[in-house]
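**Q** Input file: run-v3.txt. Contents: compact mmCIF, C-alpha atoms and all ligand atoms.
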```txt
# COMPACT_ATOMS: atom_id res chain seq x y z
CA ARG A 1 44.86 64.90 116.59
CA THR A 2 43.28 67.11 119.17
CA VAL A 3 44.77 66.44 122.60
CA TYR A 4 43.84 67.64 126.09
CA VAL A 5 46.41 69.53 128.17
CA ASN A 6 45.57 71.14 131.51
CA GLY A 7 42.04 72.20 130.65
CA ASP A 8 42.51 72.97 126.94
CA TYR A 9 41.79 71.04 123.77
CA VAL A 10 44.61 71.83 121.34
CA PRO A 11 46.11 70.46 118.10
CA GLU A 12 48.86 68.00 119.09
CA ALA A 13 51.59 70.19 117.54
CA GLU A 14 50.64 73.00 119.91
CA ALA A 15 50.42 70.88 123.08
CA LYS A 16 53.15 71.74 125.59
CA VAL A 17 54.33 70.72 129.05
CA SER A 18 57.20 72.21 131.04
CA VAL A 19 60.76 70.80 130.92
CA PHE A 20 60.50 70.99 134.74
CA ASP A 21 57.54 68.64 134.80
CA ARG A 22 58.15 65.98 137.46
CA GLY A 23 56.77 63.34 135.15
CA PHE A 24 59.67 64.11 132.81
CA LEU A 25 62.36 64.55 135.51
CA PHE A 26 61.35 61.89 138.08
CA ALA A 27 58.71 59.67 136.41
CA ASP A 28 56.57 61.21 139.16
CA GLY A 29 53.18 60.52 137.64
CA VAL A 30 50.54 57.94 136.91
CA TYR A 31 48.60 56.90 133.84
CA GLU A 32 45.62 54.96 132.56
CA VAL A 33 44.74 53.47 129.19
CA THR A 34 41.06 52.97 128.41
CA SER A 35 39.88 51.25 125.26
CA VAL A 36 37.20 52.63 122.99
CA LEU A 37 34.97 50.36 120.90
CA ASP A 38 32.27 51.78 118.62
CA GLY A 39 33.01 55.23 120.04
CA LYS A 40 32.30 54.15 123.63
CA LEU A 41 34.53 53.63 126.67
CA ILE A 42 35.15 50.15 128.05
CA ASP A 43 35.04 50.01 131.87
CA PHE A 44 35.56 53.74 132.40
CA ASP A 45 34.58 53.46 136.08
CA GLY A 46 37.22 50.80 136.76
CA HIS A 47 39.97 52.94 135.24
CA ALA A 48 38.79 56.10 137.04
CA LYS A 49 38.78 54.27 140.38
CA ARG A 50 42.26 52.83 139.88
CA LEU A 51 43.54 56.27 138.82
CA GLU A 52 42.27 57.80 142.06
CA ARG A 53 43.91 55.00 144.03
CA SER A 54 47.27 55.45 142.23
CA LEU A 55 47.16 59.21 142.88
CA GLY A 56 46.25 58.62 146.53
CA GLU A 57 49.13 56.16 147.09
CA LEU A 58 51.57 58.82 145.79
CA GLU A 59 49.86 61.72 147.58
CA ILE A 60 49.20 63.48 144.30
CA GLY A 61 46.01 65.56 144.35
CA VAL A 62 43.03 64.55 142.20
CA PRO A 63 42.74 67.37 139.66
CA LEU A 64 39.45 66.34 138.02
CA SER A 65 36.24 64.82 139.31
CA ARG A 66 35.15 61.52 137.82
CA GLU A 67 32.37 63.33 135.90
CA ASP A 68 34.81 65.87 134.45
CA LEU A 69 37.20 63.10 133.51
CA LEU A 70 34.44 61.27 131.68
CA GLU A 71 33.57 64.48 129.85
CA VAL A 72 37.20 64.94 128.71
CA HIS A 73 37.28 61.34 127.43
CA ARG A 74 34.00 61.91 125.55
CA GLN A 75 35.18 65.21 124.08
CA LEU A 76 38.35 63.56 122.78
CA ILE A 77 36.35 60.73 121.20
CA ALA A 78 34.04 63.26 119.52
CA ARG A 79 36.71 65.78 118.44
CA ASN A 80 38.89 63.02 116.98
CA GLU A 81 35.99 60.99 115.58
CA LEU A 82 37.43 57.97 117.34
CA THR A 83 35.61 54.70 116.67
CA ASP A 84 38.06 52.02 117.84
CA GLY A 85 41.21 52.82 119.78
CA LEU A 86 42.66 53.89 123.07
CA ILE A 87 42.61 56.94 125.30
CA TYR A 88 45.86 57.54 127.18
CA LEU A 89 45.70 59.67 130.32
CA GLN A 90 48.65 60.91 132.36
CA ILE A 91 48.67 62.94 135.55
CA THR A 92 51.94 64.09 137.09
CA ARG A 93 52.76 65.97 140.27
CA GLY A 94 53.31 69.05 138.09
CA ALA A 95 56.23 71.35 137.30
CA ALA A 96 58.61 72.65 139.97
CA ASP A 97 62.32 73.41 140.29
CA ARG A 98 64.19 70.09 140.34
CA ASP A 99 64.22 68.77 143.90
CA PHE A 100 63.67 65.28 145.33
CA ILE A 101 61.34 66.79 147.92
CA TYR A 102 57.80 67.11 146.57
CA PRO A 103 56.75 70.66 145.68
CA ALA A 104 54.03 72.45 147.68
CA ALA A 105 50.71 70.62 147.68
CA ASP A 106 49.04 73.48 145.77
CA THR A 107 51.33 72.95 142.75
CA PRO A 108 48.93 72.25 139.87
CA GLN A 109 49.13 68.71 138.53
CA THR A 110 49.83 68.23 134.84
CA VAL A 111 46.95 66.49 133.07
CA VAL A 112 47.38 65.17 129.54
CA LEU A 113 45.05 62.95 127.53
CA PHE A 114 45.30 61.85 123.92
CA THR A 115 43.66 59.32 121.61
CA GLN A 116 45.28 56.53 119.61
CA ALA A 117 43.16 55.23 116.75
CA LYS A 118 43.30 51.42 116.36
CA PRO A 119 40.89 50.38 113.62
CA GLY A 120 39.73 46.81 114.20
CA LEU A 121 41.07 46.79 117.77
CA ALA A 122 38.65 44.04 118.82
CA ASP A 123 39.51 41.66 115.97
CA SER A 124 43.27 41.75 115.88
CA PRO A 125 44.71 38.76 113.94
CA VAL A 126 46.96 37.79 116.87
CA ALA A 127 43.84 36.79 118.85
CA ARG A 128 43.38 34.00 116.29
CA THR A 129 47.01 32.83 116.18
CA GLY A 130 48.21 33.53 119.73
CA LEU A 131 51.31 35.18 121.15
CA LYS A 132 54.82 33.88 121.80
CA VAL A 133 56.35 35.02 125.08
CA ILE A 134 59.76 34.72 126.68
CA SER A 135 60.52 34.89 130.39
CA ILE A 136 62.72 37.59 131.90
CA ASP A 137 63.70 38.52 135.45
CA ASP A 138 61.32 40.95 137.12
CA ILE A 139 63.62 43.70 138.36
CA ARG A 140 60.99 46.45 138.67
CA TRP A 141 60.39 48.36 141.88
CA GLY A 142 58.16 46.93 144.63
CA ARG A 143 54.98 48.98 144.18
CA ARG A 144 53.72 47.60 140.89
CA ASP A 145 50.15 48.05 142.10
CA ILE A 146 50.58 51.80 141.48
CA LYS A 147 50.26 52.56 137.77
CA THR A 148 53.25 54.88 137.48
CA VAL A 149 54.82 56.09 134.23
CA GLN A 150 58.13 54.34 135.06
CA LEU A 151 57.93 52.00 132.08
CA LEU A 152 61.58 51.67 131.12
CA TYR A 153 61.98 48.06 132.23
CA PRO A 154 58.74 46.87 130.60
CA SER A 155 59.93 48.67 127.47
CA MET A 156 63.30 46.86 127.68
CA GLY A 157 61.38 43.62 128.19
CA LYS A 158 59.45 44.13 124.96
CA MET A 159 62.76 44.79 123.17
CA MET A 160 64.23 41.57 124.61
CA ALA A 161 61.15 39.71 123.38
CA LYS A 162 61.46 41.26 119.94
CA ALA A 163 65.16 40.38 119.73
CA ALA A 164 64.24 36.77 120.61
CA GLY A 165 61.58 36.64 117.88
CA ALA A 166 58.75 36.69 120.43
CA ASP A 167 55.85 39.07 121.02
CA ASP A 168 56.11 39.80 124.72
CA ALA A 169 57.81 38.87 127.98
CA TRP A 170 56.47 37.39 131.21
CA MET A 171 58.40 38.54 134.25
CA VAL A 172 59.59 36.11 136.89
CA GLU A 173 60.42 36.80 140.53
CA ASP A 174 61.32 34.19 143.17
CA GLY A 175 60.69 31.43 140.64
CA VAL A 176 57.14 32.46 139.76
CA VAL A 177 55.51 34.69 137.15
CA THR A 178 54.41 38.14 138.27
CA GLU A 179 52.81 39.46 135.05
CA GLY A 180 53.48 40.42 131.43
CA THR A 181 55.25 43.66 130.49
CA SER A 182 51.88 45.38 130.05
CA ASN A 183 49.31 42.71 130.89
CA ASN A 184 48.27 40.12 133.46
CA ALA A 185 49.24 36.48 132.89
CA TYR A 186 47.07 33.34 133.14
CA ILE A 187 47.22 29.61 132.57
CA VAL A 188 44.46 27.02 132.27
CA LYS A 189 44.88 23.48 133.61
CA ASN A 190 42.11 20.87 133.59
CA GLY A 191 39.56 23.64 132.96
CA LYS A 192 40.75 25.74 135.90
CA ILE A 193 41.89 29.34 135.29
CA ILE A 194 44.99 30.20 137.32
CA THR A 195 46.32 33.74 137.71
CA ARG A 196 48.52 35.41 140.28
CA HIS A 197 46.81 36.72 143.42
CA LEU A 198 46.71 40.50 143.91
CA GLY A 199 49.37 42.28 145.94
CA THR A 200 52.01 44.96 145.52
CA GLU A 201 53.89 42.69 143.05
CA ILE A 202 51.48 43.21 140.15
CA LEU A 203 49.19 45.80 138.65
CA HIS A 204 45.57 45.15 139.55
CA GLY A 205 44.33 44.91 135.99
CA ILE A 206 40.90 46.32 135.29
CA THR A 207 40.49 43.70 132.57
CA ARG A 208 41.65 41.02 135.04
CA ALA A 209 38.90 41.96 137.50
CA ALA A 210 36.22 41.89 134.80
CA VAL A 211 37.44 38.63 133.21
CA LEU A 212 37.57 36.80 136.56
CA ARG A 213 34.07 38.03 137.37
CA PHE A 214 32.72 36.83 133.99
CA ALA A 215 34.55 33.50 134.37
CA ARG A 216 32.98 32.88 137.79
CA GLU A 217 29.54 33.91 136.49
CA ALA A 218 29.98 31.35 133.70
CA GLN A 219 30.74 28.68 136.37
CA MET A 220 34.39 28.41 135.35
CA GLU A 221 36.79 27.51 138.15
CA VAL A 222 39.29 30.25 139.12
CA GLU A 223 42.34 29.98 141.36
CA GLU A 224 44.32 33.10 142.29
CA ARG A 225 47.88 31.98 142.96
CA ALA A 226 51.35 32.28 141.48
CA PHE A 227 52.67 29.76 138.93
CA SER A 228 56.11 29.03 137.48
CA ILE A 229 57.22 29.13 133.84
CA GLU A 230 57.53 25.30 133.94
CA GLU A 231 53.94 24.96 135.12
CA ALA A 232 52.83 27.37 132.39
CA GLN A 233 54.68 25.43 129.68
CA ASP A 234 52.90 22.29 130.89
CA ALA A 235 49.46 23.96 131.03
CA ASP A 236 46.59 23.28 128.60
CA GLU A 237 46.31 26.97 127.70
CA ALA A 238 47.81 30.34 128.52
CA PHE A 239 46.60 33.87 127.91
CA ILE A 240 46.98 37.52 128.86
CA THR A 241 44.55 40.32 129.61
CA SER A 242 44.82 44.11 129.33
CA ALA A 243 42.64 47.03 128.32
CA SER A 244 44.25 47.12 124.87
CA SER A 245 44.51 43.37 124.17
CA PHE A 246 41.31 42.28 126.01
CA VAL A 247 41.92 38.51 126.31
CA THR A 248 44.68 37.24 124.01
CA PRO A 249 45.92 33.64 123.87
CA VAL A 250 49.57 32.71 124.45
CA VAL A 251 50.74 29.65 122.50
CA GLU A 252 54.46 29.53 123.18
CA ILE A 253 56.59 30.19 126.29
CA ASP A 254 60.40 30.22 126.04
CA GLY A 255 60.17 28.16 122.85
CA ALA A 256 57.91 25.48 124.36
CA THR A 257 54.47 24.99 122.81
CA VAL A 258 51.55 25.44 125.20
CA GLY A 259 48.77 22.87 124.77
CA THR A 260 48.03 22.31 121.08
CA GLY A 261 49.94 25.41 120.02
CA LYS A 262 46.64 27.00 118.97
CA PRO A 263 44.44 29.40 120.98
CA GLY A 264 42.59 27.33 123.55
CA PHE A 265 38.88 26.95 124.20
CA VAL A 266 38.85 28.81 127.53
CA ALA A 267 40.84 31.81 126.30
CA THR A 268 38.75 32.06 123.14
CA ARG A 269 35.46 31.81 125.07
CA LEU A 270 36.60 34.35 127.69
CA ARG A 271 37.56 36.80 124.96
CA GLU A 272 34.07 36.53 123.44
CA ILE A 273 32.34 36.92 126.80
CA TYR A 274 34.58 39.84 127.79
CA LEU A 275 33.99 41.72 124.53
CA ASP A 276 30.21 41.06 124.55
CA GLU A 277 29.66 42.00 128.17
CA SER A 278 31.97 45.03 128.19
CA ARG A 279 30.40 46.41 125.03
CA LYS A 280 26.97 46.16 126.64
CA LYS A 281 28.15 48.22 129.62
CA SER A 282 30.34 50.67 127.67
CA VAL A 283 29.74 54.39 128.13
N1 LIG A 301 50.08 44.70 134.25
C1 LIG A 301 50.84 45.69 133.78
C2 LIG A 301 52.24 45.80 134.20
C3 LIG A 301 50.28 46.63 132.87
O1 LIG A 301 51.04 47.64 132.42
C4 LIG A 301 48.94 46.49 132.46
C5 LIG A 301 48.31 47.43 131.46
N2 LIG A 301 48.49 48.76 131.76
C6 LIG A 301 48.18 45.42 132.97
C7 LIG A 301 48.79 44.55 133.88
C8 LIG A 301 46.74 45.22 132.59
O2 LIG A 301 45.92 46.15 133.21
P1 LIG A 301 44.54 46.62 132.56
O3 LIG A 301 43.72 45.37 132.38
O4 LIG A 301 43.95 47.52 133.55
O5 LIG A 301 44.87 47.26 131.27
```
Can you dump the structure from the file as structure tokens?
Ligand code: PMP
**A**
Amino acid sequence: RTVYVNGDYVPEAEAKVSVFDRGFLFADGVYEVTSVLDGKLIDFDGHAKRLERSLGELEIGVPLSREDLLEVHRQLIARNELTDGLIYLQITRGAADRDFIYPAADTPQTVVLFTQAKPGLADSPVARTGLKVISIDDIRWGRRDIKTVQLLYPSMGKMMAKAAGADDAWMVEDGVVTEGTSNNAYIVKNGKIITRHLGTEILHGITRAAVLRFAREAQMEVEERAFSIEEAQDADEAFITSASSFVTPVVEIDGATVGTGKPGFVATRLREIYLDESRKKSV
């Protein structure tokens, strides 16, 4: 693979960042994952906007304009002949001698982007069978709206799910679901789509925003509020959204079958609409 590091396109074996990088030492950095279908970016603008917001919340400078960022994404797609897959982007506060105090504001940020090829990304078999999730306590920090690279707990959550024979975990705080380890969580009851309201407790998913917009345009009813695991187990359908999974049905929660145990009508329809509409607007 050809990867991008601080202005250069280099073979991955030659790509280097400092051992003093604050991303490495303090998880002092943010990231984005944008999907690529047919060689084009899905909702690039949404990801670029959220990136700028994450950087702003952490007072990390913005090292590239939106136009330059788009150009880097396009170069990586071209140089790696990427058809279907993901582009991972990470920006950290840069390298400086280890100190809790931030380094001087003129310290150059570290910018890394690489591609991950995922042939058939849009027709993954799990979209037809549905996912099994378990619930775990949400013990992450309180600013989950900032997309930081502190992903140890979500990673542990996926391992807990795997050990339990499930695919993923939904995190629970104060008796209600916040979100999945790397996705937003939804249920459907009597035709109504229910998903947690925005706040600092969850990541403001770019896919979430698009899916809710498409749902409303299609006259589907949407309610943004928290729900419990019990309510989810009793729902007609459940599903998740993320840039890499689009809309994917959930058919089992903590061993209890959701609805018929098969992907539901609403989740299936929303997946089709999301893929169709996002492809039309892809860049
Ligand atoms: N919540 C969390 C915790 C995530 O890590 C992600 C994916 N990065 C999402 C939600 C979904 O966000 P998006 O739709 O922007 O991929």
**Q** Kindly work out which residues sit at most 8 Å from ligand LIG 301 (chain A), using only C-alpha atoms and all ligand atoms, and give the list as a PyMOL selection string.
**A** chain A and resi 32-34+47+144+147+154+179-184+202-209+241-244+246
**Q** Near Arg66 of chain A, within 9 Å and counting only C-alpha atoms, which residues show up once chain neighbours fewer than 4 positions away are dropped, as a PDB file with C-alpha atoms, keeping the file's coordinate frame?
**A**
```pdb
ATOM      1  CA  ASP A  45      34.580  53.460 136.080  1.00  0.00           C
ATOM      2  CA  ALA A  48      38.790  56.100 137.040  1.00  0.00           C
ATOM      3  CA  LYS A  49      38.780  54.270 140.380  1.00  0.00           C
ATOM      4  CA  LEU A  70      34.440  61.270 131.680  1.00  0.00           C
ATOM      5  CA  GLU A  71      33.570  64.480 129.850  1.00  0.00           C
TER       6      GLU A  71
END
```
**Q** Please tell me which residues are no farther than 12 Å from (60.9, 43.0, 126.0) in the file, counting only C-alpha atoms, and write them as number ranges by chain.
**A** A: 132-138, 151-171, 180-182
**Q** Counting all atoms listed in the file, figure out which residue out of A:Ile42, A:Leu25, A:Leu113, A:Val149 gets nearest to Ala96 of chain A.
**A**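 Closest to Ala96 of chain A, using all atoms listed in the file: A:Leu25.
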**Q** Neighbours of Lys262 of chain A within 8 Å (only C-alpha atoms; same-chain residues fewer than 2 positions away dropped), as a PyMOL selection string?
**A** chain A and resi 129-130+251+259-260+264
**Q** From the set A:Ala215, A:Leu64, A:Leu131, A:Ile229, which residue has the shortest atom-to-atom contact distance to Thr178 of chain A, counting only C-alpha atoms?
**A** A:Ile229
**Q** Find, counting only C-alpha atoms, the residue in A:Phe214, A:Ala78, A:Asp8, A:Arg225 that gets nearest to Asp276 of chain A.
**A**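 Smallest separation from Asp276 of chain A among the options: A:Phe214.
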**Q** Please compute the atom CA of Leu212 of chain A-atom CA of Gly85 of chain A distance, one decimal, in Å.
**A**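 According to the coordinates, atom CA of Leu212 of chain A and atom CA of Gly85 of chain A are separated by 23.5 Å.
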**Q** Considering all atoms listed in the file, can you say which of A:Val3, A:Ile146, A:Val126, A:Ile60 comes closest to Tyr88 of chain A?
**A** A:Val3
**Q** Using all atoms listed in the file, find the one residue out of A:Ile91, A:Ser54, A:Ala226, A:Met220 that sits nearest to Thr195 of chain A.
**A**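 Of A:Ile91, A:Ser54, A:Ala226, A:Met220, the one nearest Thr195 of chain A is A:Ala226, counting all atoms listed in the file.
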**Q** Report, in Å with one decimal, the straight-line distance from atom CA of Asp174 of chain A to atom CA of Ala256 of chain A.
**A**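 Straight-line distance from atom CA of Asp174 of chain A to atom CA of Ala256 of chain A works out to 21.0 Å.
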**Q** Please list as a list in words every residue within 10 Å of Pro103 of chain A, counting all atoms listed in the file and excluding residues in the same chain fewer than 6 positions away.
**A**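 In the requested form, the answer reads Arg22, Arg93, Gly94, Ala95, Ala96 and Asp97 of chain A.
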**Q** What's the separation between atom CA of Phe24 of chain A and atom CA of Gly61 of chain A, in Å to one decimal place?
**A**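 The value is 17.9 Å.
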**Q** Using all atoms listed in the file for the distances, tell me which of A:Ile240, A:Ile101, A:Ala267, A:Ala232 is nearest to Phe26 of chain A.
**A**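 The shortest atom-to-atom distance to Phe26 of chain A comes from A:Ile101.
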**Q** Could you pull the residues within 12 Å of Asp234 of chain A, counting all atoms listed in the file, minus those fewer than 3 positions along the same chain, as a PyMOL selection string?
**A** chain A and resi 187-190+227-231+237-238+251-254+256-261
